[in-house]
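input-v1.cif, holding mmCIF, C-alpha atoms:
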data_run
loop_
_atom_site.label_atom_id
_atom_site.label_comp_id
_atom_site.auth_asym_id
_atom_site.auth_seq_id
_atom_site.Cartn_x
_atom_site.Cartn_y
_atom_site.Cartn_z
CA MET A 1 106.87 155.77 117.48
CA ASN A 2 103.48 156.11 119.18
CA THR A 3 103.75 155.80 122.98
CA SER A 4 100.31 157.13 123.94
CA PRO A 5 98.24 155.13 126.50
CA ALA A 6 95.96 153.97 123.64
CA ALA A 7 98.95 152.72 121.66
CA ASN A 8 100.32 150.94 124.74
CA PHE A 9 96.92 149.32 125.36
CA ALA A 10 96.69 148.14 121.74
CA GLN A 11 100.22 146.74 121.91
CA ARG A 12 99.49 144.88 125.16
CA LEU A 13 96.28 143.45 123.74
CA LEU A 14 98.03 142.25 120.58
CA GLU A 15 100.69 140.59 122.76
CA GLU A 16 98.10 138.89 124.99
CA SER A 17 96.37 137.61 121.87
CA GLY A 18 99.51 135.85 120.67
CA LEU A 19 99.79 138.11 117.62
CA THR A 20 103.15 139.77 118.23
CA SER A 21 105.69 136.98 118.38
CA SER A 22 107.00 134.97 115.49
CA HIS A 23 108.13 131.70 117.04
CA GLU A 24 110.12 128.82 115.66
CA PRO A 25 107.79 126.21 114.16
CA ILE A 26 107.51 123.22 116.49
CA ASP A 27 109.63 120.19 115.59
CA VAL A 28 107.45 117.61 113.79
CA LEU A 29 109.40 114.72 115.31
CA LEU A 30 108.71 116.03 118.83
CA VAL A 31 104.98 116.26 118.07
CA SER A 32 105.00 112.78 116.56
CA ASN A 33 106.73 111.31 119.63
CA LEU A 34 104.32 113.01 122.05
CA LEU A 35 101.31 111.73 120.09
CA GLU A 36 102.63 108.19 120.29
CA GLU A 37 103.72 108.41 123.92
CA ARG A 38 100.75 110.31 125.40
CA TYR A 39 97.87 109.53 123.03
CA ARG A 40 98.95 106.14 121.63
CA LEU A 41 98.46 107.62 118.16
CA THR A 42 100.69 107.00 115.15
CA GLY A 43 100.19 107.94 111.55
CA ARG A 44 100.97 110.52 108.89
CA LEU A 45 101.40 114.05 110.21
CA GLY A 46 100.88 116.92 107.75
CA ARG A 47 101.35 120.61 108.64
CA LEU A 48 98.42 123.00 107.94
CA ALA A 49 98.62 126.79 107.39
CA THR A 50 97.02 128.67 110.31
CA GLU A 51 97.02 132.08 111.91
CA LYS A 52 99.25 131.52 114.95
CA ASP A 53 99.23 127.92 116.28
CA ASP A 54 101.29 125.10 114.82
CA THR A 55 98.55 122.89 113.38
CA PHE A 56 98.72 119.42 111.86
CA ARG A 57 96.38 116.86 110.38
CA LEU A 58 97.11 113.38 111.70
CA SER A 59 95.92 110.50 109.53
CA THR A 60 95.79 107.16 111.36
CA ASP A 61 94.31 103.74 110.52
CA SER A 62 91.43 104.44 112.90
CA GLY A 63 90.61 107.99 111.73
CA ASN A 64 91.83 111.57 111.33
CA TYR A 65 92.72 114.07 114.02
CA LEU A 66 93.61 117.76 114.23
CA VAL A 67 96.68 118.47 116.34
CA LYS A 68 97.27 122.00 117.66
CA VAL A 69 100.30 123.37 119.50
CA SER A 70 99.64 126.80 121.03
CA PRO A 71 102.10 129.67 120.47
CA PRO A 72 104.56 130.16 123.37
CA ASP A 73 103.13 133.56 124.33
CA GLU A 74 99.53 132.35 124.67
CA ALA A 75 98.79 131.92 128.39
CA GLU A 76 98.07 128.37 129.56
CA ALA A 77 94.90 129.62 131.26
CA VAL A 78 93.61 130.97 127.92
CA VAL A 79 94.18 127.60 126.21
CA ALA A 80 92.41 125.96 129.18
CA LEU A 81 89.43 128.32 128.65
CA GLN A 82 89.12 127.25 124.99
CA THR A 83 89.23 123.57 125.90
CA ALA A 84 86.81 124.01 128.83
CA ALA A 85 84.24 125.71 126.59
CA MET A 86 84.38 122.81 124.13
CA ARG A 87 84.16 120.20 126.89
CA TYR A 88 81.24 122.10 128.47
CA LEU A 89 79.30 122.05 125.20
CA GLU A 90 80.09 118.37 124.70
CA THR A 91 78.60 117.65 128.14
CA THR A 92 75.62 120.02 128.25
CA ALA A 93 74.67 120.25 124.55
CA ALA A 94 75.93 117.00 123.03
CA HIS A 95 73.50 117.36 120.10
CA LEU A 96 75.43 120.38 118.78
CA PRO A 97 78.16 119.40 116.26
CA VAL A 98 81.00 121.06 118.14
CA GLN A 99 84.45 119.62 117.52
CA ARG A 100 85.44 117.11 120.22
CA VAL A 101 88.61 117.15 122.31
CA LYS A 102 90.47 113.82 122.39
CA LEU A 103 91.87 112.89 125.79
CA THR A 104 95.34 111.44 126.35
CA ALA A 105 95.77 107.83 127.42
CA ASP A 106 95.83 109.19 131.03
CA ALA A 107 92.58 111.13 130.44
CA ASP A 108 94.19 114.60 130.29
CA ASP A 109 92.86 117.09 127.76
CA HIS A 110 96.29 118.43 126.78
CA VAL A 111 100.05 117.90 127.00
CA THR A 112 102.36 120.67 128.25
CA ILE A 113 105.59 121.11 126.28
CA ARG A 114 108.37 122.92 128.12
CA LEU A 115 110.74 124.81 125.81
CA ASN A 116 114.45 125.27 126.43
CA ASP A 117 113.92 128.99 127.14
CA GLY A 118 111.47 128.18 129.98
CA ARG A 119 108.29 129.01 128.07
CA THR A 120 105.54 126.47 127.59
CA ARG A 121 103.36 125.38 124.68
CA ILE A 122 100.19 123.33 124.91
CA LEU A 123 99.53 120.37 122.62
CA ARG A 124 95.92 119.29 122.09
CA VAL A 125 94.28 116.73 119.83
CA PHE A 126 90.79 117.09 118.36
CA HIS A 127 88.68 114.74 116.30
CA PHE A 128 88.95 115.94 112.70
CA VAL A 129 85.69 117.34 111.32
CA GLU A 130 85.43 116.17 107.72
CA GLY A 131 83.58 118.24 105.15
CA GLN A 132 83.42 121.53 103.32
CA VAL A 133 83.75 124.87 105.09
CA LEU A 134 81.00 127.45 104.63
CA ALA A 135 83.48 129.77 102.87
CA ASP A 136 83.58 127.31 99.94
CA ALA A 137 79.87 126.47 99.87
CA ASN A 138 78.21 129.51 98.24
CA PRO A 139 75.18 129.30 100.57
CA ASP A 140 71.81 130.90 99.81
CA ALA A 141 69.79 132.95 102.32
CA GLU A 142 68.10 129.88 103.79
CA ARG A 143 71.40 128.11 104.40
CA LEU A 144 72.90 131.26 105.93
CA SER A 145 69.90 131.47 108.23
CA GLN A 146 70.57 127.85 109.30
CA ALA A 147 74.19 128.78 110.06
CA GLY A 148 72.85 131.68 112.13
CA GLU A 149 70.56 129.34 114.05
CA MET A 150 73.55 127.14 114.92
CA LEU A 151 75.46 130.06 116.47
CA GLY A 152 72.29 131.06 118.33
CA LEU A 153 72.05 127.54 119.80
CA ILE A 154 75.73 127.60 120.81
CA ASP A 155 75.33 130.96 122.54
CA VAL A 156 72.21 129.78 124.39
CA ALA A 157 74.14 126.70 125.53
CA LEU A 158 77.15 128.80 126.63
CA ARG A 159 75.09 131.31 128.64
CA PRO A 160 75.72 129.71 132.07
CA PHE A 161 79.39 128.85 131.32
CA THR A 162 82.11 130.60 133.30
CA HIS A 163 85.87 130.15 133.53
CA PRO A 164 88.62 131.97 135.49
CA ALA A 165 90.24 133.15 132.22
CA ASP A 166 87.07 134.17 130.37
CA ARG A 167 87.83 137.89 130.78
CA ARG A 168 91.10 137.48 128.88
CA GLY A 169 92.44 140.35 126.81
CA LEU A 170 91.79 139.66 123.12
CA ALA A 171 92.59 142.01 120.25
CA TRP A 172 89.76 140.46 118.19
CA ASP A 173 87.16 141.23 120.86
CA ILE A 174 85.00 143.97 119.32
CA ARG A 175 84.56 145.63 122.74
CA HIS A 176 88.14 146.98 122.39
CA PHE A 177 87.76 148.23 118.81
CA HIS A 178 87.80 151.94 119.77
CA GLN A 179 91.14 151.41 121.55
CA MET A 180 92.84 150.05 118.43
CA THR A 181 93.05 153.34 116.46
CA GLU A 182 96.86 153.11 116.51
CA LEU A 183 96.62 150.37 113.86
CA VAL A 184 95.51 152.93 111.26
CA GLU A 185 99.15 154.08 111.07
CA HIS A 186 100.08 150.70 109.55
CA THR A 187 97.54 151.00 106.72
CA PRO A 188 99.32 152.30 103.61
CA SER A 189 96.31 153.55 101.60
CA PRO A 190 94.87 157.00 102.51
CA GLY A 191 91.46 155.83 101.24
CA HIS A 192 91.53 152.86 103.57
CA ARG A 193 92.59 155.02 106.50
CA GLN A 194 89.61 157.29 105.80
CA LEU A 195 87.22 154.30 105.77
CA ALA A 196 88.67 153.13 109.09
CA GLN A 197 88.16 156.59 110.63
CA SER A 198 84.48 156.56 109.51
CA VAL A 199 83.91 153.23 111.26
CA PHE A 200 85.79 154.35 114.41
CA ARG A 201 83.54 157.41 114.49
CA LEU A 202 80.33 155.31 114.14
CA PHE A 203 81.51 152.94 116.86
CA GLY A 204 82.62 155.73 119.18
CA GLU A 205 79.33 157.62 118.91
CA ASN A 206 76.95 154.65 119.11
CA VAL A 207 78.53 151.59 120.73
CA VAL A 208 81.09 152.97 123.21
CA PRO A 209 78.50 154.81 125.37
CA ARG A 210 76.57 151.51 125.66
CA LEU A 211 79.47 149.10 126.26
CA ASN A 212 78.92 148.72 130.00
CA ASP A 213 75.23 147.91 129.79
CA LEU A 214 75.26 145.38 126.93
CA GLU A 215 74.25 141.81 127.77
CA THR A 216 77.41 139.73 128.17
CA GLN A 217 78.31 136.03 128.21
CA VAL A 218 81.07 133.72 126.99
CA ILE A 219 80.92 133.59 123.18
CA HIS A 220 82.60 131.50 120.47
CA GLY A 221 84.24 134.68 119.19
CA ASP A 222 85.19 133.53 115.68
CA PHE A 223 82.21 131.88 113.99
CA SER A 224 83.69 132.68 110.60
CA PRO A 225 82.90 130.86 107.33
CA TYR A 226 86.24 129.03 107.77
CA ASN A 227 85.18 127.61 111.15
CA ILE A 228 81.77 126.28 110.08
CA VAL A 229 81.75 122.86 108.40
CA VAL A 230 78.72 122.18 106.21
CA ASP A 231 77.07 119.52 104.09
CA PRO A 232 74.84 121.10 101.42
CA ARG A 233 72.98 117.77 101.03
CA SER A 234 72.08 117.56 104.71
CA ASP A 235 68.85 118.99 106.13
CA HIS A 236 70.88 120.29 109.07
CA PHE A 237 73.45 121.92 106.75
CA VAL A 238 75.93 122.77 109.56
CA THR A 239 77.76 119.54 110.45
CA GLY A 240 80.65 120.93 112.46
CA VAL A 241 81.77 123.96 114.48
CA ILE A 242 85.52 124.27 114.98
CA ASP A 243 88.20 126.58 116.42
CA PHE A 244 87.35 128.02 119.82
CA GLY A 245 90.62 129.98 119.85
CA ASP A 246 88.88 133.36 120.33
CA THR A 247 86.47 132.29 123.08
CA VAL A 248 85.97 135.20 125.48
CA ARG A 249 83.37 136.84 127.73
CA SER A 250 82.03 139.80 125.77
CA ALA A 251 78.79 141.42 124.58
CA ALA A 252 76.49 138.72 123.19
CA ILE A 253 75.79 140.79 120.04
CA PHE A 254 79.49 140.68 119.15
CA ASP A 255 79.22 136.95 118.39
CA PRO A 256 76.86 137.21 115.38
CA ALA A 257 78.70 140.40 114.35
CA VAL A 258 81.76 138.29 113.43
CA PRO A 259 80.08 136.08 110.77
CA MET A 260 78.08 139.10 109.58
CA ALA A 261 81.38 140.95 109.02
CA ASN A 262 82.61 138.02 106.94
CA LEU A 263 79.44 138.07 104.85
CA LEU A 264 79.37 141.82 104.13
CA GLY A 265 79.65 142.69 100.45
CA ARG A 266 79.37 139.08 99.26
CA THR A 267 76.55 140.27 96.99
CA PRO A 268 77.92 143.65 95.76
CA ASP A 269 74.54 145.13 94.78
CA HIS A 270 73.04 144.27 98.19
CA PRO A 271 76.07 144.32 100.53
CA TRP A 272 74.06 143.58 103.71
CA ARG A 273 71.79 140.85 102.32
CA ASP A 274 73.77 137.78 103.38
CA ALA A 275 74.72 139.27 106.76
CA CYS A 276 71.04 139.98 107.47
CA ALA A 277 70.04 136.44 106.44
CA PHE A 278 72.51 135.07 109.00
CA ALA A 279 71.25 137.46 111.71
CA ALA A 280 67.64 136.44 111.04
CA GLY A 281 68.52 132.80 111.76
CA TYR A 282 70.54 133.71 114.84
CA GLN A 283 67.62 135.63 116.31
CA LEU A 284 65.31 132.63 115.92
CA LYS A 285 67.35 130.85 118.60
CA ARG A 286 68.92 133.72 120.55
CA PRO A 287 66.83 136.89 120.15
CA ILE A 288 68.76 140.17 120.43
CA GLN A 289 67.33 142.82 122.74
CA ALA A 290 65.47 145.53 120.80
CA SER A 291 67.66 148.25 122.33
CA GLU A 292 70.85 146.45 121.22
CA LEU A 293 69.80 145.56 117.67
CA PRO A 294 70.80 148.97 116.16
CA LEU A 295 74.38 148.35 117.34
CA LEU A 296 74.71 145.03 115.48
CA PRO A 297 75.51 146.44 111.99
CA ILE A 298 78.06 148.85 113.50
CA ALA A 299 79.69 145.97 115.38
CA ALA A 300 79.88 144.00 112.12
CA LEU A 301 81.54 146.93 110.34
CA ALA A 302 83.93 147.35 113.28
CA ARG A 303 84.94 143.70 113.11
CA LEU A 304 85.56 143.82 109.35
CA THR A 305 87.61 147.02 109.74
CA LEU A 306 89.54 145.50 112.64
CA ARG A 307 90.45 142.48 110.54
CA ALA A 308 91.69 144.67 107.70
CA LEU A 309 93.76 146.78 110.14
CA ILE A 310 95.26 143.81 112.02
CA THR A 311 96.03 142.08 108.72
CA ASN A 312 98.00 145.07 107.40
CA TRP A 313 99.82 145.37 110.72
CA ARG A 314 100.71 141.66 110.85
CA ALA A 315 101.71 141.38 107.19
CA GLU A 316 104.21 144.17 107.88
CA ARG A 317 105.65 142.30 110.89
CA ALA A 318 105.50 138.68 109.68
CA PRO A 319 106.48 138.52 106.01
CA GLU A 320 106.58 134.70 106.19
CA ARG A 321 102.80 134.64 106.83
CA ARG A 322 102.01 137.60 104.58
CA GLU A 323 100.42 135.57 101.79
CA TYR A 324 98.20 133.57 104.16
CA LEU A 325 97.13 136.70 106.04
CA LEU A 326 96.39 138.89 103.03
CA GLY A 327 94.61 136.02 101.25
CA HIS A 328 92.04 135.80 104.05
CA ALA A 329 91.37 139.54 104.04
CA LYS A 330 91.88 140.57 100.43
CA ASP A 331 88.43 142.14 99.91
CA ASP A 332 87.92 143.65 103.37
CA TRP A 333 88.36 147.31 102.46
CA ILE A 334 86.16 146.96 99.35
CA ASN A 335 83.45 145.38 101.51
CA VAL A 336 83.70 148.07 104.20
CA GLU A 337 83.29 150.72 101.51
CA ARG A 338 80.33 148.94 99.89
CA SER A 339 78.59 148.45 103.22
CA LEU A 340 78.96 152.10 104.20
CA THR A 341 77.04 153.17 101.08
CA VAL A 342 73.86 151.68 102.60
CA SER A 343 71.86 153.54 105.25
CA LEU A 344 72.41 151.71 108.55
CA ASP A 345 68.87 152.74 109.58
CA ASP A 346 67.61 150.67 106.64
CA VAL A 347 69.77 147.72 107.73
CA VAL A 348 68.37 147.94 111.28
CA ALA A 349 64.81 148.17 109.92
CA HIS A 350 65.48 145.01 107.92
CA LEU A 351 66.84 143.22 111.01
CA ARG A 352 63.79 144.26 113.04
CA GLU A 353 61.44 143.11 110.28
CA ALA A 354 63.10 139.70 110.11
CA ARG A 355 62.88 139.41 113.89
CA HIS A 356 59.16 140.26 114.03
CA GLY A 357 58.46 138.11 110.99
CA HIS A 358 59.56 135.08 113.00
CA SER A 359 58.25 136.03 116.43
#
Now that the file is in, can you turn its structure into structure tokens?
Amino acid sequence: MNTSPAANFAQRLLEESGLTSSHEPIDVLLVSNLLEERYRLTGRLGRLATEKDDTFRLSTDSGNYLVKVSPPDEAEAVVALQTAAMRYLETTAAHLPVQRVKLTADADDHVTIRLNDGRTRILRVFHFVEGQVLADANPDAERLSQAGEMLGLIDVALRPFTHPADRRGLAWDIRHFHQMTELVEHTPSPGHRQLAQSVFRLFGENVVPRLNDLETQVIHGDFSPYNIVVDPRSDHFVTGVIDFGDTVRSAAIFDPAVPMANLLGRTPDHPWRDACAFAAGYQLKRPIQASELPLLPIAALARLTLRALITNWRAERAPERREYLLGHAKDDWINVERSLTVSLDDVVAHLREARHGHS
């Protein structure tokens, strides 16, 4: 067993991120009663597969809602941060299609559930965002650029936002990537371990020395193709932005790095093409400093590698969620490998070109 300081840090971060405990699923009847009692909502409650919350779709006569119950080891302050960021955007940037929080009949934004063992879980209700997620839409470069613009607008709107819990510890926060090397031990394939070491080396040499001087702000943190709702027939394309569960104060460039990671390798012959199309749109609304731009592709590779590592680690620990977890990350190692075959200098040159082409 690895007991080094780095291993201890990684373990603590995974715990703080709600990734280490497997809790009993919340009782559906309890949720149903609370919805009726506190929200005056009744209807059909269906459970949805998610990463760590208990999540339900509630269908009522007046509309559909998303109901989330936080895991018992996620701090109340962290849940409050997520809600506050959504409420802030609703107030200061109402034109952005961010999912709305539904208040209780007493105008609270959540309900606290006290468990028998003394721990607490937070129940929240959101208006359901109907539509197709980007992951199922097969978008072209123009549509990906529009998705990038939307994240740029969200980050511009979030710039002044602060919250007491915004410096939370989060395993998914790319700023901690170099401290997660312990996860390599849980990756069965030697080839995959080698790929991970290559990305750790790139990150350690290029990003780590710059971590303290990167521009920071509160970011969405998980603008993945599963959290972007789209309508291919609409001029605006992006019709909803959901799931603020990974909201955190971090380097601004780490926000577009997340969707870029998800887009790497989507076109095998040009593994960076879609990621660069997204970044071009993002920079139209939230330009990235010239000195930070070369770090963006490395951050995207780090995020993709991190997802593959955490997925292997979690699938080992939580066999009941194994299928869901591995399904979301099945091509990650292939895409890391494909992306590393391209010169990162060429990728940066492409990003700069796109930026100047629009300036």
**OP:** For the structure shown, which residues end up in the PyMOL selection byres ((chain A and resi 184-188) around 7)? Put them as a list in words, please?
**Re:**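 So the PyMOL selection byres ((chain A and resi 184-188) around 7), applied here, picks out Thr181, Glu182, Leu183, Ser189, Pro190, Arg193, Leu309, Asn312 and Trp313 of chain A.
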**OP:** Could you tell me which residues the PyMOL selection byres ((chain A and resi 248-254) around 9) grabs in this file, written as JSON, numbers by chain?
**Re:** {"A": [81, 82, 155, 162, 165, 166, 167, 168, 169, 170, 173, 174, 175, 211, 214, 215, 216, 217, 218, 219, 220, 221, 245, 246, 247, 255, 256, 257, 258, 288, 292, 293, 295, 296, 299, 300, 303]}
With C-alpha atoms retained, could you export that selection as a PDB file, in the coordinates of the input?
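What landed in out.pdb:
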ATOM      1  CA  LEU A  81      89.430 128.320 128.650  1.00  0.00           C
ATOM      2  CA  GLN A  82      89.120 127.250 124.990  1.00  0.00           C
ATOM      3  CA  ASP A 155      75.330 130.960 122.540  1.00  0.00           C
ATOM      4  CA  THR A 162      82.110 130.600 133.300  1.00  0.00           C
ATOM      5  CA  ALA A 165      90.240 133.150 132.220  1.00  0.00           C
ATOM      6  CA  ASP A 166      87.070 134.170 130.370  1.00  0.00           C
ATOM      7  CA  ARG A 167      87.830 137.890 130.780  1.00  0.00           C
ATOM      8  CA  ARG A 168      91.100 137.480 128.880  1.00  0.00           C
ATOM      9  CA  GLY A 169      92.440 140.350 126.810  1.00  0.00           C
ATOM     10  CA  LEU A 170      91.790 139.660 123.120  1.00  0.00           C
ATOM     11  CA  ASP A 173      87.160 141.230 120.860  1.00  0.00           C
ATOM     12  CA  ILE A 174      85.000 143.970 119.320  1.00  0.00           C
ATOM     13  CA  ARG A 175      84.560 145.630 122.740  1.00  0.00           C
ATOM     14  CA  LEU A 211      79.470 149.100 126.260  1.00  0.00           C
ATOM     15  CA  LEU A 214      75.260 145.380 126.930  1.00  0.00           C
ATOM     16  CA  GLU A 215      74.250 141.810 127.770  1.00  0.00           C
ATOM     17  CA  THR A 216      77.410 139.730 128.170  1.00  0.00           C
ATOM     18  CA  GLN A 217      78.310 136.030 128.210  1.00  0.00           C
ATOM     19  CA  VAL A 218      81.070 133.720 126.990  1.00  0.00           C
ATOM     20  CA  ILE A 219      80.920 133.590 123.180  1.00  0.00           C
ATOM     21  CA  HIS A 220      82.600 131.500 120.470  1.00  0.00           C
ATOM     22  CA  GLY A 221      84.240 134.680 119.190  1.00  0.00           C
ATOM     23  CA  GLY A 245      90.620 129.980 119.850  1.00  0.00           C
ATOM     24  CA  ASP A 246      88.880 133.360 120.330  1.00  0.00           C
ATOM     25  CA  THR A 247      86.470 132.290 123.080  1.00  0.00           C
ATOM     26  CA  ASP A 255      79.220 136.950 118.390  1.00  0.00           C
ATOM     27  CA  PRO A 256      76.860 137.210 115.380  1.00  0.00           C
ATOM     28  CA  ALA A 257      78.700 140.400 114.350  1.00  0.00           C
ATOM     29  CA  VAL A 258      81.760 138.290 113.430  1.00  0.00           C
ATOM     30  CA  ILE A 288      68.760 140.170 120.430  1.00  0.00           C
ATOM     31  CA  GLU A 292      70.850 146.450 121.220  1.00  0.00           C
ATOM     32  CA  LEU A 293      69.800 145.560 117.670  1.00  0.00           C
ATOM     33  CA  LEU A 295      74.380 148.350 117.340  1.00  0.00           C
ATOM     34  CA  LEU A 296      74.710 145.030 115.480  1.00  0.00           C
ATOM     35  CA  ALA A 299      79.690 145.970 115.380  1.00  0.00           C
ATOM     36  CA  ALA A 300      79.880 144.000 112.120  1.00  0.00           C
ATOM     37  CA  ARG A 303      84.940 143.700 113.110  1.00  0.00           C
TER      38      ARG A 303
END
**OP:** Find the residues around Arg47 in chain A up to 9 Å (all atoms listed in the file counted), leave out those fewer than 4 positions away in its own chain, and share them as a PyMOL selection string.
**Re:** chain A and resi 28+54-58
**OP:** One decimal, Å: what's the distance from CA of Asp27 in chain A over to CA of Val69 in chain A, could you say?
**Re:** 10.6 Å
Subject >> Output of the PyMOL selection byres ((chain A and resi 201-208) around 8), listed as a list of chain:residue names >> reply: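 Those residues are A:His178, A:Gln197, A:Ser198, A:Val199, A:Phe200, A:Pro209, A:Arg210, A:Leu211, A:Leu295, A:Ile298, A:Ala299, A:Ala302.
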Subject >> d(CA of Phe223 in chain A, CA of Val336 in chain A) in Å >> reply: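 So the two atoms, CA of Phe223 in chain A and CA of Val336 in chain A, lie 19.0 Å apart.
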Original post:
What lies within 10 Å of Pro268 in chain A using only C-alpha atoms, ignoring chain neighbours under 5 positions off, as a list of chain:residue names?
Top reply: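 Selected residues are A:Arg273, A:Ile334, A:Asn335, A:Arg338, A:Ser339.
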**OP:** Tell me which of A:His176, A:His127, A:Arg321, A:His110 sits closest to Gly63 in chain A, counting all atoms listed in the file.
**Re:**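 Going through A:His176, A:His127, A:Arg321, A:His110 one by one, the smallest distance to Gly63 in chain A is for A:His127.
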Subject >> Residue neighbourhood Ala280 in chain A, 6 Å, only C-alpha atoms, exclusion window fewer than 3 positions, as JSON, numbers by chain >> reply: {"A": [277, 283, 354]}
